[in-house]
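Colleague: Take a look at this one; I'll ask things after.
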Amino acid sequence: MRYREYASLTDGFSTGKLNRITDVPRLRVGHFTVDRDRPTVLRTGVTVLRIDDVITKPVWAACNVFNGYGKSMGLVQVDELGTMESHVFLTNTLSIGAVQQGAVKIALREHPGTTSFNAVVMECNDSYLSDIASLSVTDMMTIEAYDGVVEDFPMGSVGAGTGMICFGFKGGIGSSSRVIEIGGREYTLGALVLANFGRTADLKMPGPVDANFEEPQKTGGSLIMVLSTDIPLLPHHLKRVARHLSLSIGILGAPGYHGSGDIALAFSTADRSDPQALTIGEDGSTMSQIFKASVWATVEAILDSMFSSPDMKGFRGATPSILDSIRQRL
């Protein structure tokens with residue numbers, strides 16, 4: 001189930017066909033999910049956002065750190081150059097090394113002779129539901145997730161999202177998209193999140209939803225926000241978009257706690273030779289619309305990460321489904 005099946009959003013934008021980040025051209029998503037109880041309890045995995053031809057055709061990109069309690073790889077070069085040559089890889093906190101090795105092997109497989117490659121790997125901590133210290137994620141899982149990418153991908157407790165918790169409920173992978181018109185042409189913005197943040201009592205959902213929940217609190221966690229668009233935005237425009245994505249945290253009620261690594265990455269799949277790139281991001285009203293569409297796509301992606309996830313028992317306890325909690329009160 002997705003949030004729109006339960007309540008409406010009134011941000012004023014339509015969504016793309018799939019209401020996923022893959023409504024943006026050049027993108028597909030794949031997962032490798034680890035969900036087993038023996039020999040230890042594992043609720044973890046890898047998610048890959050594959051960008052067609054990104055190694056040979058890098059995309060304009062920018063990142064922003066709202067709360068820096070995170071262990072991501074590859075963002076320093078993105079921030080320095082304003083471009084990204086990597087697909088986007090997501091996993092748990094202690095597995096970024098294994099996933100980076102998988103990303104490098106993919107690059108070497110497709111471009112033999114590569115001697116330098118900046119893999120972008122981001123993480124959240126799934127140690128409440130998964131035995132994270134077992135180091136169970138491998139480079140081969142990364143490659144399988146990459147090879148299995150599709151446009152209409154599953155959300156919730158899959159891939160990197162398998163063991164995530166959001167506002168005390170089961171969280172994980174969420175996604176949404178928005179369509180925006182600029183100069184008589186339609187463009188798409190798509191968000192993908194790995195949601196593992198917030199406390200239950202903070203949650204404020206848009207729409208006719210009573211969110212005064214009293215489930216047990218779970219502290220810490222992180223939020224990874226990825227925003228892609230086919231609007232030809234330059235790196236400094238994308239930096240502004242990446243900063244605005246963090247507003248989604250406050251819209252849903254969380255203040256951004258210590259121990260939360262809240263990181264945003266924004267990139268454009270547009271042709272870098274598009275002459276509009278020099279002007280489109282300089283129009284104030286246009287950028288305001290882009291900010292609004294990006295933020296609300298991210299808000300919905302976070303909500304979908306919860307609404308797409310069933311309750312789950314894990315390594316240290318159980319985490320309820322938000323849908324089950326709502327239904328019990330109706």
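Numbering starts fresh at 1 for the residues of each chain in the structure tokens, the chains themselves are lettered A, B, ... in the order given, and ligands are numbered from 1 as they appear.
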Please return as a PyMOL selection string: the residues of range 120-228 of chain A that backbone DSSP assigns to alpha helix (DSSP H).
Modeller: chain A and resi 139-147
Colleague: What's around Asp37 in chain A at 12 Å? Count only C-alpha atoms, leave out sequence neighbours fewer than 3 positions away in its own chain, and write the answer as a list of chain:residue names.
Modeller: A:Val34, A:Thr40, A:Val41, A:Leu42, A:Arg43, A:Thr44, A:Leu129, A:Ser130, A:Asp131, A:Lys313, A:Gly314, A:Phe315
Colleague: I want to know what sits within 12 Å of Ile96 in chain A, based on only C-alpha atoms, with residues of the same chain fewer than 6 positions away left out; could you give that as a list in words?
Modeller: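 Neighbouring residues, sequence-local ones excluded: Gly45, Val46, Thr47, Gly70, Lys71, Ser72, Met73, Gly74, Val88, Phe89, Leu90, Gly102, Ala103, Ala119, Val120, Val121, Met122, Glu123, Cys124, Asn125, Ile132, Leu135, Ser136, Val137, Thr138, Asp139, Thr142 and Ala160 of chain A.
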Colleague: Since we have the selection now, will you write its residues out, keeping N, CA and C atoms, as a PDB file, in the first residue's frame?
Modeller:
ATOM      1  N   GLY A  45      20.453  -5.417   3.479  1.00  0.00           N
ATOM      2  CA  GLY A  45      20.562  -5.590   2.041  1.00  0.00           C
ATOM      3  C   GLY A  45      21.224  -4.420   1.343  1.00  0.00           C
ATOM      4  N   VAL A  46      21.036  -4.385   0.021  1.00  0.00           N
ATOM      5  CA  VAL A  46      21.630  -3.366  -0.843  1.00  0.00           C
ATOM      6  C   VAL A  46      20.565  -2.870  -1.810  1.00  0.00           C
ATOM      7  N   THR A  47      20.541  -1.575  -2.040  1.00  0.00           N
ATOM      8  CA  THR A  47      19.696  -0.976  -3.070  1.00  0.00           C
ATOM      9  C   THR A  47      20.590  -0.170  -4.004  1.00  0.00           C
ATOM     10  N   GLY A  70      26.946  10.575   9.783  1.00  0.00           N
ATOM     11  CA  GLY A  70      26.828   9.562   8.741  1.00  0.00           C
ATOM     12  C   GLY A  70      28.183   9.112   8.238  1.00  0.00           C
ATOM     13  N   LYS A  71      28.197   8.041   7.466  1.00  0.00           N
ATOM     14  CA  LYS A  71      29.443   7.418   7.015  1.00  0.00           C
ATOM     15  C   LYS A  71      29.470   7.233   5.501  1.00  0.00           C
ATOM     16  N   SER A  72      28.843   8.113   4.765  1.00  0.00           N
ATOM     17  CA  SER A  72      28.757   7.965   3.321  1.00  0.00           C
ATOM     18  C   SER A  72      30.126   8.061   2.657  1.00  0.00           C
ATOM     19  N   MET A  73      30.219   7.474   1.450  1.00  0.00           N
ATOM     20  CA  MET A  73      31.437   7.513   0.651  1.00  0.00           C
ATOM     21  C   MET A  73      31.155   8.214  -0.674  1.00  0.00           C
ATOM     22  N   GLY A  74      32.143   8.932  -1.177  1.00  0.00           N
ATOM     23  CA  GLY A  74      32.069   9.483  -2.521  1.00  0.00           C
ATOM     24  C   GLY A  74      31.524  10.880  -2.634  1.00  0.00           C
ATOM     25  N   VAL A  88      24.153   5.169  -7.660  1.00  0.00           N
ATOM     26  CA  VAL A  88      23.993   5.452  -6.230  1.00  0.00           C
ATOM     27  C   VAL A  88      23.696   4.142  -5.510  1.00  0.00           C
ATOM     28  N   PHE A  89      24.498   3.840  -4.492  1.00  0.00           N
ATOM     29  CA  PHE A  89      24.399   2.580  -3.760  1.00  0.00           C
ATOM     30  C   PHE A  89      24.005   2.859  -2.310  1.00  0.00           C
ATOM     31  N   LEU A  90      23.052   2.088  -1.791  1.00  0.00           N
ATOM     32  CA  LEU A  90      22.571   2.241  -0.419  1.00  0.00           C
ATOM     33  C   LEU A  90      22.704   0.921   0.326  1.00  0.00           C
ATOM     34  N   GLY A 102      31.861  -3.784  -4.502  1.00  0.00           N
ATOM     35  CA  GLY A 102      30.964  -4.232  -5.561  1.00  0.00           C
ATOM     36  C   GLY A 102      30.816  -3.184  -6.643  1.00  0.00           C
ATOM     37  N   ALA A 103      30.701  -1.923  -6.230  1.00  0.00           N
ATOM     38  CA  ALA A 103      30.571  -0.831  -7.204  1.00  0.00           C
ATOM     39  C   ALA A 103      31.817  -0.738  -8.083  1.00  0.00           C
ATOM     40  N   ALA A 119      32.961   5.840  -6.289  1.00  0.00           N
ATOM     41  CA  ALA A 119      31.668   5.229  -6.017  1.00  0.00           C
ATOM     42  C   ALA A 119      30.928   6.008  -4.934  1.00  0.00           C
ATOM     43  N   VAL A 120      29.647   6.264  -5.157  1.00  0.00           N
ATOM     44  CA  VAL A 120      28.811   6.953  -4.177  1.00  0.00           C
ATOM     45  C   VAL A 120      28.007   5.907  -3.414  1.00  0.00           C
ATOM     46  N   VAL A 121      28.315   5.748  -2.133  1.00  0.00           N
ATOM     47  CA  VAL A 121      27.651   4.759  -1.274  1.00  0.00           C
ATOM     48  C   VAL A 121      27.143   5.479  -0.033  1.00  0.00           C
ATOM     49  N   MET A 122      25.863   5.318   0.276  1.00  0.00           N
ATOM     50  CA  MET A 122      25.280   5.959   1.460  1.00  0.00           C
ATOM     51  C   MET A 122      24.594   4.915   2.330  1.00  0.00           C
ATOM     52  N   GLU A 123      24.415   5.258   3.605  1.00  0.00           N
ATOM     53  CA  GLU A 123      24.003   4.229   4.572  1.00  0.00           C
ATOM     54  C   GLU A 123      23.070   4.760   5.647  1.00  0.00           C
ATOM     55  N   CYS A 124      22.351   3.821   6.265  1.00  0.00           N
ATOM     56  CA  CYS A 124      21.649   4.024   7.527  1.00  0.00           C
ATOM     57  C   CYS A 124      21.891   2.795   8.398  1.00  0.00           C
ATOM     58  N   ASN A 125      21.677   2.946   9.691  1.00  0.00           N
ATOM     59  CA  ASN A 125      22.002   1.880  10.642  1.00  0.00           C
ATOM     60  C   ASN A 125      20.776   1.020  10.921  1.00  0.00           C
ATOM     61  N   ILE A 132      23.987  -6.368  12.604  1.00  0.00           N
ATOM     62  CA  ILE A 132      24.834  -5.598  11.698  1.00  0.00           C
ATOM     63  C   ILE A 132      26.301  -5.993  11.807  1.00  0.00           C
ATOM     64  N   LEU A 135      28.453  -8.515   9.439  1.00  0.00           N
ATOM     65  CA  LEU A 135      29.048  -8.114   8.153  1.00  0.00           C
ATOM     66  C   LEU A 135      28.586  -9.033   7.026  1.00  0.00           C
ATOM     67  N   SER A 136      27.282  -9.220   6.949  1.00  0.00           N
ATOM     68  CA  SER A 136      26.725 -10.210   6.031  1.00  0.00           C
ATOM     69  C   SER A 136      26.571  -9.716   4.596  1.00  0.00           C
ATOM     70  N   VAL A 137      26.591  -8.414   4.376  1.00  0.00           N
ATOM     71  CA  VAL A 137      26.455  -7.883   3.025  1.00  0.00           C
ATOM     72  C   VAL A 137      27.779  -8.050   2.287  1.00  0.00           C
ATOM     73  N   THR A 138      27.706  -8.512   1.029  1.00  0.00           N
ATOM     74  CA  THR A 138      28.917  -8.774   0.246  1.00  0.00           C
ATOM     75  C   THR A 138      28.914  -7.959  -1.042  1.00  0.00           C
ATOM     76  N   ASP A 139      30.077  -7.908  -1.674  1.00  0.00           N
ATOM     77  CA  ASP A 139      30.182  -7.211  -2.950  1.00  0.00           C
ATOM     78  C   ASP A 139      29.311  -7.868  -4.024  1.00  0.00           C
ATOM     79  N   THR A 142      25.818  -6.600  -4.119  1.00  0.00           N
ATOM     80  CA  THR A 142      25.751  -5.318  -4.813  1.00  0.00           C
ATOM     81  C   THR A 142      25.622  -5.528  -6.307  1.00  0.00           C
ATOM     82  N   ALA A 160      18.303  -2.229   0.899  1.00  0.00           N
ATOM     83  CA  ALA A 160      18.874  -1.502   2.026  1.00  0.00           C
ATOM     84  C   ALA A 160      17.830  -1.133   3.065  1.00  0.00           C
TER      85      ALA A 160
END
Colleague: Find the residues around Ser321 in chain A up to 7 Å (only C-alpha atoms counted), leave out those fewer than 5 positions away in its own chain, and share them as a PyMOL selection string.
Modeller: chain A and resi 169-170+309-311
Colleague: What's around range 250-255 of chain A at 6 Å? Count only C-alpha atoms, leave out sequence neighbours fewer than 6 positions away in its own chain, and write the answer as a list of chain:residue names.
Modeller: A:Gly198, A:Asp202, A:Leu203, A:Lys204, A:Met205
Colleague: Would you write out those residues with N, CA, C and O atoms, as an mmCIF file, in the first residue's frame?
Modeller:
data_model
loop_
_atom_site.group_PDB
_atom_site.id
_atom_site.type_symbol
_atom_site.label_atom_id
_atom_site.label_comp_id
_atom_site.auth_asym_id
_atom_site.auth_seq_id
_atom_site.Cartn_x
_atom_site.Cartn_y
_atom_site.Cartn_z
ATOM 1 N N GLY A 198 13.606 9.641 13.206
ATOM 2 C CA GLY A 198 12.415 10.184 13.860
ATOM 3 C C GLY A 198 11.928 9.381 15.048
ATOM 4 O O GLY A 198 12.228 8.193 15.199
ATOM 5 N N ASP A 202 6.771 12.507 17.473
ATOM 6 C CA ASP A 202 7.003 13.684 16.628
ATOM 7 C C ASP A 202 6.166 13.669 15.353
ATOM 8 O O ASP A 202 5.950 14.717 14.747
ATOM 9 N N LEU A 203 5.734 12.494 14.915
ATOM 10 C CA LEU A 203 5.181 12.333 13.575
ATOM 11 C C LEU A 203 3.928 13.167 13.336
ATOM 12 O O LEU A 203 2.959 13.085 14.089
ATOM 13 N N LYS A 204 3.966 13.950 12.275
ATOM 14 C CA LYS A 204 2.827 14.745 11.831
ATOM 15 C C LYS A 204 2.616 14.467 10.349
ATOM 16 O O LYS A 204 3.351 14.969 9.506
ATOM 17 N N MET A 205 1.608 13.664 10.038
ATOM 18 C CA MET A 205 1.348 13.301 8.653
ATOM 19 C C MET A 205 0.370 14.269 8.010
ATOM 20 O O MET A 205 -0.637 14.636 8.627
#
